[in-house]
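Peer 1: This is the structure I want to talk about, given as structure tokens.
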Amino acid sequence: HKGLESSVEMHYLYKIPQSLGSGNYANLGTFRGASVAALAFGLKEVNLKGKVYAIDIYHPGHKMSPEKLMNEFEKLELGDYLEVCKGFTYEWAKKLKTIKFNYIFIDADHNYETCKEDYELWSPLLKEDGILSFHDSNLNTVAKVISELPKEWILIDHVDRIKSFRRIE
């Protein structure tokens with residue numbers, strides 16, 4: 001897992017807020033913060049209101065600490081768009097259960113069970129017309145979770161290793 005999203009993926013993530021508008025965006029698994037930054041720049045570029053919730057365990061030795069992430073975002077004048085959430089994705093799904101998200105980017109633990117749990121806990125937090133994306137959809141574990149999605153989820157985009165879905169009623 002190389003971790004760094006491709007330029008086509010960054011452009012895609014940058015465009016997401018511009019198509020979905022003001023609101024909340026969840027980024028599960030931040031690594032070095034590139035995907036979080038793309039979403040935040042997408043909000044800022046067209047003067048949208050909203051936050052990107054950057055959820056990660058930020059364990060010691062991790063390339064990015066919550067403080068470093070916030071410092072980088074402040075330098076880029078993106079601090080107002082960032083909400084750093086240190087901890088496990090399942091913990092934050094419970095803490096944020098009253099918030100509805102325009103977009104949820106699942107890119108944390110790529111084990112089958114954890115990825116499936118992220119889908120199960122986070123998809124109810126998605127707005128009715130929101131988008132749910134999985135990164136590293138080329139991995140067998142993530143592909144298996146995607147193959148098991150209920151039929152109401154339809155594939156709307158496939159950009160490099162990102163597959164995005166919308167729920168249809």
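The way I read the labels, and the way they are meant: chains A, B, ... in the order of the structure tokens, residue 1 as the first residue of every chain, and ligand 1 as the first ligand shown, with later ones counted on from there.
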Among region 40-127 of chain A, which ones does DSSP assign to strand (DSSP E) (computed from the backbone)? Answer as an NGL selection string.
Peer 2: :A and (50-56 or 82-86 or 101-106 or 126-127)
Peer 1: Report as a list in words all protein, DNA and RNA residues lying within 7 Å of region 121-138 of chain A, evaluated on only C-alpha atoms, omitting residues in the same chain fewer than 3 positions from it.
Peer 2: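 These residues fall inside the cut-off: Tyr90, Ala93, Lys97, Ile99, Lys100, Phe101, Asn102, Tyr103, Ile104, Phe105, Ile106, Asp107, Glu117, Asp118, Val142, Ala143, Arg161, Ile162, Lys163, Ser164, Phe165 and Arg166 of chain A.
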Peer 1: Which polymer residues have any atom within 7 Å of an atom of Lys116 (chain A), counting only C-alpha atoms, with same-chain residues fewer than 4 positions away left out, as a ChimeraX atom specification?
Peer 2: /A:112,120,145
Peer 1: Pick out the residues sitting within 10 Å of Val46 (chain A), and hand them over as a list in words; count only C-alpha atoms, and ignore anything fewer than 6 positions along from it in its own chain.
Peer 2: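 Within the cut-off, the hits are Pro17, Gln18, Gly21 and Ser22 of chain A.
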Peer 1: What's around Ile57 (chain A) at 8 Å? Count only C-alpha atoms, leave out sequence neighbours fewer than 4 positions away in its own chain, and write the answer as a list in words.
Peer 2: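 In the requested form, the answer reads Lys86, Gly87 and Phe88 of chain A.
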Peer 1: To one decimal place in Å, what is the distance between CA of Ser7 (chain A) and CA of Leu28 (chain A)?
Peer 2: 19.3 Å
Peer 1: When you count only C-alpha atoms, which of these residues is closest to Cys115 (chain A): A:Lys95, A:Gly29, A:Lys15, A:Glu83?
Peer 2: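 Of the candidates, the smallest distance to Cys115 (chain A) is held by A:Gly29.
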Peer 1: Hey, which of A:Gly61, A:Asn71, A:Leu78, A:Asn27 ends up closest to Gly42 (chain A)? Count only C-alpha atoms.
Peer 2: A:Leu78
Peer 1: Tell me which of A:Leu48, A:Ile168, A:Ala38, A:Met10 sits closest to Asn24 (chain A), counting only C-alpha atoms.
Peer 2: A:Leu48
